[in-house]
file model35.pdb (PDB, C-alpha atoms)
ATOM      1  CA  MET A1418      66.027  87.758 -22.288
ATOM      2  CA  ASN A1419      65.294  88.172 -18.615
ATOM      3  CA  ILE A1420      61.584  88.012 -19.311
ATOM      4  CA  LEU A1421      62.066  84.767 -21.243
ATOM      5  CA  LYS A1422      63.993  83.244 -18.353
ATOM      6  CA  PHE A1423      61.293  84.340 -15.981
ATOM      7  CA  PHE A1424      58.567  82.743 -18.060
ATOM      8  CA  ILE A1425      60.465  79.484 -18.455
ATOM      9  CA  SER A1426      61.033  79.231 -14.717
ATOM     10  CA  VAL A1427      57.361  79.995 -14.049
ATOM     11  CA  ILE A1428      56.240  77.282 -16.479
ATOM     12  CA  LEU A1429      58.664  74.797 -14.951
ATOM     13  CA  LEU A1430      57.464  75.643 -11.479
ATOM     14  CA  ILE A1431      53.822  75.247 -12.474
ATOM     15  CA  ASN A1432      54.547  71.840 -13.995
ATOM     16  CA  PHE A1433      56.440  70.779 -10.939
ATOM     17  CA  PHE A1434      53.710  71.731  -8.530
ATOM     18  CA  SER A1435      50.795  70.533 -10.628
ATOM     19  CA  SER A1436      52.174  66.988 -10.807
ATOM     20  CA  ASP A1437      52.438  66.964  -7.036
ATOM     21  CA  LEU A1438      48.975  68.447  -6.756
ATOM     22  CA  LYS A1439      47.465  65.625  -8.761
ATOM     23  CA  ALA A1440      48.726  62.995  -6.314
ATOM     24  CA  LYS A1441      47.502  65.056  -3.378
ATOM     25  CA  ASN A1442      44.149  65.608  -5.017
ATOM     26  CA  LEU A1443      43.337  61.921  -5.116
ATOM     27  CA  GLY A1444      44.008  61.658  -1.392
ATOM     28  CA  THR A1445      41.850  64.724  -0.815
ATOM     29  CA  LYS A1446      39.117  63.370  -3.040
ATOM     30  CA  ILE A1447      39.070  60.083  -1.140
ATOM     31  CA  THR A1448      39.118  61.633   2.328
ATOM     32  CA  LYS A1449      36.321  64.012   1.326
ATOM     33  CA  ASN A1450      34.193  60.986   0.509
ATOM     34  CA  LEU A1451      34.884  59.314   3.852
ATOM     35  CA  ARG A1452      32.668  59.861   6.845
ATOM     36  CA  CYS A1453      34.487  60.613  10.064
ATOM     37  CA  LEU A1454      32.906  57.914  12.196
ATOM     38  CA  ILE A1455      33.473  59.520  15.562
ATOM     39  CA  CYS A1456      32.451  63.044  14.589
ATOM     40  CA  GLN A1457      29.289  62.559  12.600
ATOM     41  CA  GLY A1458      28.338  65.162  10.079
ATOM     42  CA  GLN A1459      31.926  65.792   9.076
ATOM     43  CA  SER A1460      34.076  64.208   6.454
ATOM     44  CA  VAL A1461      37.480  62.820   7.321
ATOM     45  CA  TYR A1462      38.989  65.621   5.253
ATOM     46  CA  ASP A1463      37.246  68.320   7.324
ATOM     47  CA  SER A1464      37.855  66.760  10.690
ATOM     48  CA  ASP A1465      40.845  67.159  12.931
ATOM     49  CA  SER A1466      40.039  64.313  15.303
ATOM     50  CA  GLU A1467      42.617  61.660  16.130
ATOM     51  CA  PHE A1468      40.669  59.124  14.128
ATOM     52  CA  ALA A1469      40.452  61.327  11.039
ATOM     53  CA  ASN A1470      44.111  62.315  11.170
ATOM     54  CA  SER A1471      45.195  58.688  11.323
ATOM     55  CA  LEU A1472      42.881  57.840   8.480
ATOM     56  CA  LYS A1473      44.348  60.619   6.344
ATOM     57  CA  ILE A1474      47.837  59.232   6.917
ATOM     58  CA  LEU A1475      46.659  55.729   6.136
ATOM     59  CA  VAL A1476      44.966  56.772   2.877
ATOM     60  CA  GLU A1477      48.182  58.457   1.734
ATOM     61  CA  LYS A1478      50.131  55.329   2.690
ATOM     62  CA  LYS A1479      47.784  53.081   0.763
ATOM     63  CA  LEU A1480      48.016  55.344  -2.295
ATOM     64  CA  ASP A1481      51.803  55.235  -2.055
ATOM     65  CA  ASP A1482      51.556  51.446  -1.960
ATOM     66  CA  GLY A1483      49.913  51.668  -5.353
ATOM     67  CA  LEU A1484      46.287  51.059  -4.443
ATOM     68  CA  ASN A1485      43.737  52.840  -6.592
ATOM     69  CA  GLU A1486      40.711  54.766  -5.371
ATOM     70  CA  LYS A1487      38.338  51.805  -5.454
ATOM     71  CA  GLN A1488      40.768  49.541  -3.654
ATOM     72  CA  VAL A1489      41.154  52.074  -0.845
ATOM     73  CA  TYR A1490      37.354  52.263  -0.505
ATOM     74  CA  ASP A1491      37.058  48.476  -0.505
ATOM     75  CA  TYR A1492      39.761  48.205   2.105
ATOM     76  CA  LEU A1493      38.042  50.661   4.422
ATOM     77  CA  LYS A1494      34.595  49.225   3.744
ATOM     78  CA  ASN A1495      35.904  45.874   4.835
ATOM     79  CA  LYS A1496      37.041  47.403   8.137
ATOM     80  CA  TYR A1497      34.260  49.848   8.906
ATOM     81  CA  GLY A1498      31.338  48.904   6.653
ATOM     82  CA  ASP A1499      29.454  50.849   3.956
ATOM     83  CA  TRP A1500      28.699  53.663   6.369
ATOM     84  CA  ILE A1501      32.190  55.091   6.039
ATOM     85  CA  LEU A1502      31.479  56.101   2.427
ATOM     86  CA  TYR A1503      29.428  59.203   1.733
ATOM     87  CA  ASP A1504      28.712  57.920  -1.742
ATOM     88  CA  PRO A1505      27.080  54.557  -1.187
ATOM     89  CA  GLU A1506      27.611  51.954  -3.856
ATOM     90  CA  PHE A1507      24.865  50.395  -5.897
ATOM     91  CA  ASN A1508      23.928  47.071  -4.338
ATOM     92  CA  LYS A1509      20.883  45.233  -3.090
ATOM     93  CA  ASN A1510      20.701  47.370   0.026
ATOM     94  CA  THR A1511      20.914  50.664  -1.782
ATOM     95  CA  TYR A1512      19.116  50.119  -5.126
ATOM     96  CA  PHE A1513      15.918  51.680  -3.794
ATOM     97  CA  LEU A1514      17.878  54.749  -2.708
ATOM     98  CA  TRP A1515      19.432  55.143  -6.121
ATOM     99  CA  LEU A1516      16.327  54.377  -8.166
ATOM    100  CA  LEU A1517      13.836  56.433  -6.176
ATOM    101  CA  PRO A1518      14.720  59.802  -7.769
ATOM    102  CA  ILE A1519      14.495  58.291 -11.253
ATOM    103  CA  LEU A1520      11.163  56.682 -10.427
ATOM    104  CA  MET A1521       9.821  59.944  -9.044
ATOM    105  CA  PHE A1522      11.018  61.787 -12.106
ATOM    106  CA  VAL A1523       9.342  59.316 -14.478
ATOM    107  CA  PHE A1524       6.155  59.273 -12.423
ATOM    108  CA  GLY A1525       5.975  63.052 -12.185
ATOM    109  CA  GLY A1526       6.717  63.382 -15.887
ATOM    110  CA  ALA A1527       3.907  60.989 -16.680
ATOM    111  CA  ILE A1528       1.437  63.054 -14.634
ATOM    112  CA  ILE A1529       2.488  66.289 -16.336
ATOM    113  CA  LEU A1530       2.356  64.675 -19.755
ATOM    114  CA  ARG A1531      -1.126  63.376 -19.087
ATOM    115  CA  LYS A1532      -2.307  66.793 -17.979
ATOM    116  CA  VAL A1533      -0.867  68.436 -21.077
ATOM    117  CA  ILE A1534      -2.452  65.864 -23.363
ATOM    118  CA  LEU A1535      -5.805  66.221 -21.623
ATOM    119  CA  LYS A1536      -5.662  69.997 -21.940
ATOM    120  CA  LYS A1537      -4.874  69.740 -25.642
ATOM    121  CA  LYS A1538      -7.771  67.370 -26.157
ATOM    122  CA  LYS A1539     -10.120  69.842 -24.477
ATOM    123  CA  LEU A1540      -8.926  72.609 -26.729
TER
ATOM    124  CA  MET B1414     -14.746  59.344  -8.788
ATOM    125  CA  LYS B1415     -11.647  60.978 -10.146
ATOM    126  CA  ALA B1416     -11.852  63.774  -7.626
ATOM    127  CA  LYS B1417     -11.797  61.241  -4.830
ATOM    128  CA  ILE B1418      -8.688  59.403  -5.939
ATOM    129  CA  PHE B1419      -6.406  62.363  -5.446
ATOM    130  CA  PRO B1420      -7.192  63.062  -1.754
ATOM    131  CA  ILE B1421      -6.999  59.358  -0.951
ATOM    132  CA  PHE B1422      -3.654  59.129  -2.713
ATOM    133  CA  LEU B1423      -2.449  62.159  -0.791
ATOM    134  CA  ILE B1424      -3.530  60.757   2.561
ATOM    135  CA  ILE B1425      -1.875  57.426   1.873
ATOM    136  CA  THR B1426       1.347  59.105   0.781
ATOM    137  CA  PHE B1427       1.489  61.281   3.857
ATOM    138  CA  SER B1428       0.679  58.456   6.198
ATOM    139  CA  ILE B1429       3.509  56.415   4.701
ATOM    140  CA  ILE B1430       5.879  59.356   5.080
ATOM    141  CA  PHE B1431       4.655  59.937   8.639
ATOM    142  CA  TYR B1432       5.128  56.265   9.467
ATOM    143  CA  ILE B1433       8.690  56.223   8.109
ATOM    144  CA  PHE B1434       9.710  59.348  10.000
ATOM    145  CA  TYR B1435       7.957  58.185  13.157
ATOM    146  CA  LYS B1436       9.854  54.909  13.006
ATOM    147  CA  GLY B1437      13.035  56.865  12.358
ATOM    148  CA  LEU B1438      12.545  58.815  15.577
ATOM    149  CA  GLN B1439      13.081  55.687  17.601
ATOM    150  CA  ASN B1440      16.339  54.797  15.875
ATOM    151  CA  SER B1441      19.457  55.794  17.667
ATOM    152  CA  ASN B1442      21.405  58.410  15.766
ATOM    153  CA  ILE B1443      24.644  57.169  17.191
ATOM    154  CA  TYR B1444      26.106  54.795  14.697
ATOM    155  CA  THR B1445      27.305  51.518  16.057
ATOM    156  CA  PRO B1446      28.988  49.404  13.411
ATOM    157  CA  GLU B1447      27.847  45.887  12.769
ATOM    158  CA  ILE B1448      30.454  43.834  14.424
ATOM    159  CA  LYS B1449      31.485  41.206  11.982
ATOM    160  CA  SER B1450      32.443  38.417  14.289
ATOM    161  CA  GLU B1451      35.118  35.947  13.371
ATOM    162  CA  ILE B1452      37.158  38.265  11.217
ATOM    163  CA  LYS B1453      40.809  37.674  10.678
ATOM    164  CA  ILE B1454      43.266  39.897  12.481
ATOM    165  CA  PRO B1455      45.237  42.337  10.326
ATOM    166  CA  ASN B1456      48.864  41.906   9.475
ATOM    167  CA  PHE B1457      51.087  44.781  10.527
ATOM    168  CA  GLU B1458      54.564  45.768  11.555
ATOM    169  CA  ALA B1459      55.138  47.767  14.737
ATOM    170  CA  LYS B1460      57.791  48.797  17.221
ATOM    171  CA  GLU B1461      57.990  47.180  20.632
ATOM    172  CA  PHE B1462      57.241  49.768  23.310
ATOM    173  CA  PHE B1463      60.331  49.402  25.544
ATOM    174  CA  SER B1464      63.033  48.024  23.268
ATOM    175  CA  LYS B1465      61.869  49.769  20.033
ATOM    176  CA  ASP B1466      62.559  46.538  18.142
ATOM    177  CA  ASN B1467      60.435  45.753  15.131
ATOM    178  CA  VAL B1468      57.736  43.186  15.745
ATOM    179  CA  ASN B1469      55.398  41.630  13.243
ATOM    180  CA  SER B1470      51.816  40.757  14.122
ATOM    181  CA  ASP B1471      52.345  37.041  13.444
ATOM    182  CA  GLN B1472      55.108  37.034  16.046
ATOM    183  CA  ILE B1473      52.651  38.392  18.601
ATOM    184  CA  PHE B1474      49.522  36.328  18.038
ATOM    185  CA  ILE B1475      50.724  32.740  17.943
ATOM    186  CA  GLY B1476      48.786  29.503  18.257
ATOM    187  CA  SER B1477      45.366  28.905  19.695
ATOM    188  CA  GLU B1478      45.760  30.887  22.901
ATOM    189  CA  TYR B1479      43.418  33.676  23.901
ATOM    190  CA  TYR B1480      44.749  37.172  23.420
ATOM    191  CA  LEU B1481      43.250  40.465  24.490
ATOM    192  CA  LEU B1482      44.473  43.363  22.426
ATOM    193  CA  ASN B1483      43.920  46.574  24.335
ATOM    194  CA  ILE B1484      44.384  49.962  22.704
ATOM    195  CA  TRP B1485      45.344  52.479  25.368
ATOM    196  CA  ALA B1486      47.037  55.828  25.958
ATOM    197  CA  SER B1487      48.208  57.645  29.048
ATOM    198  CA  TRP B1488      46.091  60.684  28.114
ATOM    199  CA  CYS B1489      42.919  58.630  27.994
ATOM    200  CA  ILE B1490      40.858  58.886  31.184
ATOM    201  CA  PRO B1491      38.588  55.847  30.598
ATOM    202  CA  CYS B1492      41.771  53.783  30.219
ATOM    203  CA  LYS B1493      42.470  54.396  33.884
ATOM    204  CA  GLU B1494      39.009  53.147  34.790
ATOM    205  CA  GLU B1495      39.406  49.878  32.944
ATOM    206  CA  HIS B1496      42.920  49.332  34.236
ATOM    207  CA  LYS B1497      41.839  47.302  37.251
ATOM    208  CA  TYR B1498      40.008  44.821  35.008
ATOM    209  CA  LEU B1499      43.098  44.425  32.857
ATOM    210  CA  MET B1500      45.205  43.847  35.961
ATOM    211  CA  ASN B1501      42.742  41.199  37.077
ATOM    212  CA  LEU B1502      42.797  39.487  33.667
ATOM    213  CA  SER B1503      46.578  39.548  33.590
ATOM    214  CA  LYS B1504      46.621  37.221  36.581
ATOM    215  CA  LYS B1505      44.826  34.584  34.567
ATOM    216  CA  GLU B1506      46.952  31.887  32.977
ATOM    217  CA  ASN B1507      45.013  31.279  29.786
ATOM    218  CA  ILE B1508      44.961  34.792  28.347
ATOM    219  CA  LYS B1509      47.709  37.097  27.190
ATOM    220  CA  ILE B1510      47.157  40.823  27.204
ATOM    221  CA  ILE B1511      48.741  42.802  24.405
ATOM    222  CA  GLY B1512      48.876  46.562  24.691
ATOM    223  CA  GLN B1513      48.769  48.975  21.794
ATOM    224  CA  ASN B1514      50.028  52.359  22.900
ATOM    225  CA  TYR B1515      48.019  54.821  20.824
ATOM    226  CA  LYS B1516      49.460  58.245  19.866
ATOM    227  CA  ASP B1517      51.259  58.639  23.140
ATOM    228  CA  ASN B1518      54.304  60.256  24.625
ATOM    229  CA  PHE B1519      56.807  57.595  25.715
ATOM    230  CA  VAL B1520      57.631  59.159  29.095
ATOM    231  CA  ASN B1521      53.982  59.732  29.990
ATOM    232  CA  ALA B1522      53.082  56.204  28.971
ATOM    233  CA  LYS B1523      55.899  54.772  31.040
ATOM    234  CA  ASN B1524      54.828  56.811  34.068
ATOM    235  CA  PHE B1525      51.296  55.569  33.585
ATOM    236  CA  LEU B1526      52.540  51.974  33.793
ATOM    237  CA  THR B1527      54.804  52.495  36.791
ATOM    238  CA  LYS B1528      52.057  54.282  38.665
ATOM    239  CA  LEU B1529      49.209  51.898  37.894
ATOM    240  CA  ASP B1530      51.235  48.724  37.242
ATOM    241  CA  ASN B1531      51.691  46.947  33.938
ATOM    242  CA  PRO B1532      49.082  44.339  32.971
ATOM    243  CA  TYR B1533      50.499  43.758  29.496
ATOM    244  CA  ASP B1534      52.549  40.784  28.348
ATOM    245  CA  LEU B1535      53.746  42.859  25.427
ATOM    246  CA  ILE B1536      53.228  46.427  24.301
ATOM    247  CA  PHE B1537      53.796  47.923  20.888
ATOM    248  CA  SER B1538      53.583  51.547  19.877
ATOM    249  CA  ASP B1539      51.160  53.017  17.385
ATOM    250  CA  ASN B1540      52.422  56.549  17.072
ATOM    251  CA  ASP B1541      50.407  57.743  14.093
ATOM    252  CA  GLY B1542      47.290  55.693  14.830
ATOM    253  CA  THR B1543      47.372  53.793  11.547
ATOM    254  CA  ILE B1544      47.558  50.378  13.199
ATOM    255  CA  ALA B1545      44.335  51.213  15.032
ATOM    256  CA  ILE B1546      42.724  51.792  11.623
ATOM    257  CA  GLU B1547      44.022  48.393  10.493
ATOM    258  CA  TRP B1548      42.089  46.890  13.385
ATOM    259  CA  GLY B1549      39.002  48.848  12.439
ATOM    260  CA  ALA B1550      39.162  50.730  15.721
ATOM    261  CA  TYR B1551      37.738  54.184  16.442
ATOM    262  CA  GLY B1552      39.879  55.422  19.267
ATOM    263  CA  VAL B1553      40.890  54.632  22.799
ATOM    264  CA  PRO B1554      40.126  52.535  24.732
ATOM    265  CA  GLU B1555      39.159  49.577  22.620
ATOM    266  CA  SER B1556      39.738  45.870  23.136
ATOM    267  CA  PHE B1557      39.686  42.835  20.907
ATOM    268  CA  LEU B1558      39.470  39.267  22.112
ATOM    269  CA  ILE B1559      41.449  37.059  19.764
ATOM    270  CA  LYS B1560      41.707  33.311  19.320
ATOM    271  CA  ASN B1561      43.255  31.412  16.413
ATOM    272  CA  ASN B1562      44.057  34.683  14.639
ATOM    273  CA  GLN B1563      40.376  35.642  14.629
ATOM    274  CA  ILE B1564      38.650  38.456  16.442
ATOM    275  CA  ILE B1565      35.927  36.816  18.481
ATOM    276  CA  LYS B1566      34.834  39.872  20.429
ATOM    277  CA  LYS B1567      35.249  43.582  19.897
ATOM    278  CA  ILE B1568      34.761  45.992  22.774
ATOM    279  CA  ILE B1569      34.435  49.701  22.020
ATOM    280  CA  GLY B1570      35.070  51.820  25.075
ATOM    281  CA  PRO B1571      36.353  50.856  28.507
ATOM    282  CA  LEU B1572      35.861  47.459  30.097
ATOM    283  CA  ASN B1573      33.304  47.255  32.864
ATOM    284  CA  GLU B1574      32.069  44.663  35.311
ATOM    285  CA  LYS B1575      29.655  43.133  32.801
ATOM    286  CA  LEU B1576      32.145  42.907  29.943
ATOM    287  CA  PHE B1577      34.788  41.635  32.312
ATOM    288  CA  SER B1578      32.635  38.694  33.406
ATOM    289  CA  GLU B1579      31.695  38.044  29.767
ATOM    290  CA  ILE B1580      35.355  37.759  28.851
ATOM    291  CA  LYS B1581      36.013  35.532  31.835
ATOM    292  CA  GLU B1582      33.193  33.251  30.731
ATOM    293  CA  LEU B1583      34.435  33.144  27.134
ATOM    294  CA  ILE B1584      37.939  32.111  28.091
ATOM    295  CA  GLN B1585      36.876  29.433  30.568
TER
END

call {"tool": "encode", "arguments": {"input": "model35.pdb", "output": "structure tokens"}}
result
Amino acid sequence: MNILKFFISVILLINFFSSDLKAKNLGTKITKNLRCLICQGQSVYDSDSEFANSLKILVEKKLDDGLNEKQVYDYLKNKYGDWILYDPEFNKNTYFLWLLPILMFVFGGAIILRKVILKKKKL
Amino acid sequence: MKAKIFPIFLIITFSIIFYIFYKGLQNSNIYTPEIKSEIKIPNFEAKEFFSKDNVNSDQIFIGSEYYLLNIWASWCIPCKEEHKYLMNLSKKENIKIIGQNYKDNFVNAKNFLTKLDNPYDLIFSDNDGTIAIEWGAYGVPESFLIKNNQIIKKIIGPLNEKLFSEIKELIQ
């Protein structure tokens, strides 16, 4: 009986904490994707500067206000520009950045394919 | 013919890469944001510095007057340097100076003002720094010149002689 009680309390505790964790995780996820603008090379999540600490509080506040992830990004982009995001969005300034790896992959694949076909023909 | 294409291709590729990196060397690696001029001021709620009464941003920035919002703190050394320019501006009739006390201790901030004099028409506190984020600010000191609820000039860092005369010219 004692063991049963123990297990029930453990399960309840896990549920309790995991629901809280989920809300925290979104804040963490967002701050990890934000560049700390005054300490370059660090994310807001990693930094302990005044700027980053304020930003962490603000992100939590905005999430409490019911904003979703994209809205928080848009809000900050409006204030600080695209640079604040580590994961730049697909737009006319960044399409080359996003498409370059795919282009290189296709191009490289074409070269390899040609080589293989040529080799086969020789055989 | 085919044997020649490859080295040429290689040389071209490397020269392009070299050119890009060489150009990149000259770029500053300190990021300065593009200052979007003529952006609307944010709407926020804050506490007045002395009385601790709630104030809303639309109660502070009224009408078509010039306002200079200055983010300051008693622990910030450059704030002391720019203080004389703020004092000078505060003597002008056509501009109001609004202080935003950033992450500061009340007693220290008050001492700062009694020692160096108070240039501000109104001060509000920003204890957790979130209002500074609303402004799109990075830290202290930072100043925003405001007219008709629009930011017409953003100054990152302390005021100096050059910026001071620029502001004076703008508000003429």

call {"tool": "resolve_selection", "arguments": {"input": "model35.pdb", "expression": "the ChimeraX specification (/A :<6) & /B", "output": "ChimeraX atom specification"}}
result
/B:1541-1543,1549

call {"tool": "atom_distance", "arguments": {"input": "model35.pdb", "atom1": "atom CA of Asn1562 of chain B", "atom2": "atom CA of Gln1472 of chain B"}}
result
11.4 Å

call {"tool": "residues_around", "arguments": {"input": "model35.pdb", "residues": "Ile1473 of chain B", "least_positions_apart": "3", "cutoff": "9 Å", "atoms": "all atoms listed in the file", "output": "PyMOL selection string"}}
result
chain B and resi 1468-1470+1511+1535

call {"tool": "axis_aligned_box", "arguments": {"input": "model35.pdb", "around": "segment 1472-1475 of chain B", "padding_each_side": "5 Å", "output": "JSON"}}
result
{"center_x": 52.3, "center_y": 35.6, "center_z": 17.3, "size_x": 15.6, "size_y": 15.7, "size_z": 12.6}

call {"tool": "resolve_selection", "arguments": {"input": "model35.pdb", "expression": "the PyMOL selection byres ((chain B and resi 1576) around 12)", "output": "ChimeraX atom specification"}}
result
/B:1495,1498-1499,1502,1556-1558,1566-1575,1577-1583

call {"tool": "atom_distance", "arguments": {"input": "model35.pdb", "atom1": "atom CA of Leu1482 of chain B", "atom2": "atom CA of Asp1534 of chain B"}}
result
10.3 Å

call {"tool": "resolve_selection", "arguments": {"input": "model35.pdb", "expression": "the PyMOL selection byres ((chain B and resi 1536) around 9)", "output": "VMD selection string"}}
result
chain B and resid 1460 to 1463 1510 to 1514 1533 to 1535 1537 to 1538

call {"tool": "residues_around", "arguments": {"input": "model35.pdb", "residues": "Asp1530 of chain B", "least_positions_apart": "6", "cutoff": "12 Å", "atoms": "only C-alpha atoms", "output": "list in words"}}
result
Lys1493, His1496, Lys1497, Leu1499, Met1500, Asn1501, Ser1503, Ala1522, Lys1523 and Asn1524 of chain B

call {"tool": "write_last_selection", "arguments": {"input": "model35.pdb", "atoms": "C-alpha atoms", "output": "PDB file, keeping the file's coordinate frame"}}
result
ATOM      1  CA  LYS B1493      42.470  54.396  33.884  1.00  0.00           C
ATOM      2  CA  HIS B1496      42.920  49.332  34.236  1.00  0.00           C
ATOM      3  CA  LYS B1497      41.839  47.302  37.251  1.00  0.00           C
ATOM      4  CA  LEU B1499      43.098  44.425  32.857  1.00  0.00           C
ATOM      5  CA  MET B1500      45.205  43.847  35.961  1.00  0.00           C
ATOM      6  CA  ASN B1501      42.742  41.199  37.077  1.00  0.00           C
ATOM      7  CA  SER B1503      46.578  39.548  33.590  1.00  0.00           C
ATOM      8  CA  ALA B1522      53.082  56.204  28.971  1.00  0.00           C
ATOM      9  CA  LYS B1523      55.899  54.772  31.040  1.00  0.00           C
ATOM     10  CA  ASN B1524      54.828  56.811  34.068  1.00  0.00           C
TER      11      ASN B1524
END

call {"tool": "atom_distance", "arguments": {"input": "model35.pdb", "atom1": "atom CA of Gln1439 of chain B", "atom2": "atom CA of Asn1510 of chain A"}}
result
20.9 Å

call {"tool": "closest_residue", "arguments": {"input": "model35.pdb", "among": "B:Ile1429, B:Ile1484, B:Ile1454, B:Ile1490", "to": "Ala1550 of chain B", "atoms": "only C-alpha atoms"}}
result
B:Ile1484
